[in-house]
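*Asks:* Take a look at this one; I'll ask things after.
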Amino acid sequence: MTEIVRKITHRGILHAAAAATLEMQAVSVAYAAGSNSKTTNRGTQYALEAVSFQAYAGERIAIVGPNGAGKSTLLKLIVGTLKPSSGEVTVYGHGPVGHICIAYVPQRSQIDWSFPVTVQDVVMMGRVGQIGLLRWPRRHDWELVKQSLARVNASHLANKQIGELSGGQQQRVFIARALAQEAELLLLDEPLTGLDMPSQDAIFTVLDGLRSDNVTVLVATHDLNLAADRFDKVMMLNRKIVAFGTATAVLTSENLLACYGGHVHRISDDGALLLADDCCYHGEER
Ligand code: ADP
């Protein structure tokens, strides 16, 4: 079958013209035996099971679910650092490995903030895929770094050490790195955790700006209120997809009960306000 492709000159991987930005087809993940494999006398248990969905250019999707639901696992599959046990992940019609259009910001706890590197160097790291490892950045690359920092309102931080920044500033710098990378798919794992309201707002202002560039954004979050208010779609996950669609369609009492058990309560009928409390809940017993 002849594949129709659109050549993206500055990308290593060809993007299939008609393909969804992101697609998962019947994806399951069982972690290796001995780690935390969930292989019990009840048979293999999966971190993710039969997950299928599509995401399109410019969509902003919240991934919600209790601790251990598989949110981080899902993001790692997309970025290609983890392979599915079965099923298929495609980005613009091709497997995720090798795409330089995917930017991933892991949870804050996964990053070594004491690493001695300046903010502008962190943002320049986003250019490595375009420049190549053994080449020096050119004027165009530095210009992009400058523009990216300006877009997240962090120009004044360019020469600071990354470890000196507040949590909100650090998240904005990592988004600037994705901008410098010219990412088309941005994956953020719990970027809002621990941030105050102004810092959260600042991040959403930046994400709003990405819509005009058609960047697809997936955000793993525990905050159901933000998921309801600030995203086009919500994926409710608990090992399997419980529901996927608009916040109104997904954040129903039935779905919340199915996903979180009795640990999330709806405290207004219009769906505007939800109270999440999953501090003691770690998903279904496996
Ligand atoms: P979430 O991000 O929703 O909290 P995770 O994706 O981190 O969930 O984890 C999903 C499940 O996979 C959990 O049961 C977790 O213990 C397990 N898991 C995550 N990472 C590993 C790993 N490296 N090895 C083994 N099991 C893991």
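The chains in the structure tokens are called A, B, ... from first to last as shown; in each chain the residues are counted from 1, and the ligands are counted from 1 in the order shown.
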So which residues touch region 154-171 of chain A within 6 Å, counting only C-alpha atoms, skipping near sequence neighbours fewer than 2 positions away, as a ChimeraX atom specification?
*Replies:* /A:113-114,117-120,149-150,152,173-174,199
*Asks:* Around ligand 1, which protein and nucleic acid residues have at least one atom no more than 8 Å from it, if we count only C-alpha atoms and all ligand atoms? List them as a list of chain:residue names.
*Replies:*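 Listing the residues within 8 Å of ligand 1 gives A:Ala30, A:Tyr31, A:Ala32, A:Ser35, A:Asn36, A:Ser37, A:Lys38, A:Tyr46, A:Ala47, A:Leu48, A:Val64, A:Gly65, A:Pro66, A:Asn67, A:Gly68, A:Ala69, A:Gly70, A:Lys71, A:Ser72, A:Thr73, A:Leu74, A:Asp189, A:Ala220, A:Leu237, A:Asn238, A:Arg239.
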*Asks:* Create the file for the chosen residues now, containing C-alpha atoms and written as a PDB file, in the first residue's frame.
*Replies:*
ATOM      1  CA  ALA A  30       3.026  -5.262  32.097  1.00  0.00           C
ATOM      2  CA  TYR A  31       6.191  -4.202  33.891  1.00  0.00           C
ATOM      3  CA  ALA A  32       9.046  -6.733  33.950  1.00  0.00           C
ATOM      4  CA  SER A  35      10.289  -4.967  39.477  1.00  0.00           C
ATOM      5  CA  ASN A  36       6.692  -4.420  40.298  1.00  0.00           C
ATOM      6  CA  SER A  37       5.274  -6.658  37.673  1.00  0.00           C
ATOM      7  CA  LYS A  38       1.896  -7.344  39.192  1.00  0.00           C
ATOM      8  CA  TYR A  46      -1.179  -4.729  33.852  1.00  0.00           C
ATOM      9  CA  ALA A  47      -0.205  -1.121  34.502  1.00  0.00           C
ATOM     10  CA  LEU A  48      -2.261  -0.349  31.395  1.00  0.00           C
ATOM     11  CA  VAL A  64      -6.758  12.048  35.396  1.00  0.00           C
ATOM     12  CA  GLY A  65      -6.941   9.035  37.662  1.00  0.00           C
ATOM     13  CA  PRO A  66      -5.864   7.888  41.125  1.00  0.00           C
ATOM     14  CA  ASN A  67      -2.257   7.178  42.075  1.00  0.00           C
ATOM     15  CA  GLY A  68      -1.012   4.137  40.205  1.00  0.00           C
ATOM     16  CA  ALA A  69      -3.648   4.515  37.469  1.00  0.00           C
ATOM     17  CA  GLY A  70      -0.979   4.449  34.761  1.00  0.00           C
ATOM     18  CA  LYS A  71      -0.805   8.165  33.871  1.00  0.00           C
ATOM     19  CA  SER A  72       3.018   8.365  33.861  1.00  0.00           C
ATOM     20  CA  THR A  73       3.242   4.998  32.138  1.00  0.00           C
ATOM     21  CA  LEU A  74       1.016   6.300  29.347  1.00  0.00           C
ATOM     22  CA  ASP A 189       3.559  14.919  33.951  1.00  0.00           C
ATOM     23  CA  ALA A 220      -1.275  14.219  33.703  1.00  0.00           C
ATOM     24  CA  LEU A 237      -7.776   6.397  33.521  1.00  0.00           C
ATOM     25  CA  ASN A 238      -7.543   3.584  35.984  1.00  0.00           C
ATOM     26  CA  ARG A 239      -5.409   0.986  34.231  1.00  0.00           C
TER      27      ARG A 239
END
*Asks:* Would you mind writing down, as a list in words, each residue of region 91-194 of chain A that DSSP on the backbone assigns to strand (DSSP E)?
*Replies:* Val91, Ile102, Ala103, Tyr104, Val105, Leu185, Leu186, Leu187, Leu188 and Asp189 of chain A
*Asks:* Just to be explicit: take each residue in the selection above, keep N, CA and C atoms, and write the result as a PDB file, in the first residue's frame.
*Replies:*
ATOM      1  N   VAL A  91       2.766   8.137  16.426  1.00  0.00           N
ATOM      2  CA  VAL A  91       2.758   9.598  16.416  1.00  0.00           C
ATOM      3  C   VAL A  91       2.853   9.996  14.951  1.00  0.00           C
ATOM      4  N   ILE A 102       8.331  15.482  19.738  1.00  0.00           N
ATOM      5  CA  ILE A 102       7.711  15.168  21.027  1.00  0.00           C
ATOM      6  C   ILE A 102       8.551  15.763  22.152  1.00  0.00           C
ATOM      7  N   ALA A 103       7.929  16.574  22.995  1.00  0.00           N
ATOM      8  CA  ALA A 103       8.632  17.110  24.166  1.00  0.00           C
ATOM      9  C   ALA A 103       7.965  16.564  25.420  1.00  0.00           C
ATOM     10  N   TYR A 104       8.786  16.123  26.357  1.00  0.00           N
ATOM     11  CA  TYR A 104       8.274  15.463  27.567  1.00  0.00           C
ATOM     12  C   TYR A 104       8.872  16.141  28.792  1.00  0.00           C
ATOM     13  N   VAL A 105       8.023  16.564  29.704  1.00  0.00           N
ATOM     14  CA  VAL A 105       8.500  17.128  30.963  1.00  0.00           C
ATOM     15  C   VAL A 105       8.070  16.188  32.082  1.00  0.00           C
ATOM     16  N   LEU A 185       3.966  17.934  19.940  1.00  0.00           N
ATOM     17  CA  LEU A 185       3.267  17.138  20.952  1.00  0.00           C
ATOM     18  C   LEU A 185       3.992  17.349  22.277  1.00  0.00           C
ATOM     19  N   LEU A 186       3.295  17.969  23.224  1.00  0.00           N
ATOM     20  CA  LEU A 186       3.911  18.308  24.508  1.00  0.00           C
ATOM     21  C   LEU A 186       3.263  17.474  25.610  1.00  0.00           C
ATOM     22  N   LEU A 187       4.103  16.746  26.356  1.00  0.00           N
ATOM     23  CA  LEU A 187       3.613  15.862  27.415  1.00  0.00           C
ATOM     24  C   LEU A 187       4.112  16.379  28.755  1.00  0.00           C
ATOM     25  N   LEU A 188       3.199  16.696  29.648  1.00  0.00           N
ATOM     26  CA  LEU A 188       3.577  17.252  30.951  1.00  0.00           C
ATOM     27  C   LEU A 188       3.049  16.337  32.046  1.00  0.00           C
ATOM     28  N   ASP A 189       3.964  15.832  32.882  1.00  0.00           N
ATOM     29  CA  ASP A 189       3.559  14.919  33.951  1.00  0.00           C
ATOM     30  C   ASP A 189       3.446  15.698  35.263  1.00  0.00           C
TER      31      ASP A 189
END
*Asks:* Which is closer to Gly129 (chain A) than all the others in A:His99, A:Arg172, A:Lys240, A:Arg211, using only C-alpha atoms?
*Replies:*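 Counting only C-alpha atoms, the residue closest to Gly129 (chain A) is A:His99.
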*Asks:* Skip Glu88 (chain A) itself and residues of its chain fewer than 6 positions away, then list as a list in words all residues within 7 Å of it, counting only C-alpha atoms.
*Replies:* Met24, Gln25, Ala26 and Val27 of chain A
*Asks:* Report, in Å to a single decimal, how far apart CA of Asp141 (chain A) and CA of Val123 (chain A) are.
*Replies:*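 So the answer is 10.1 Å.
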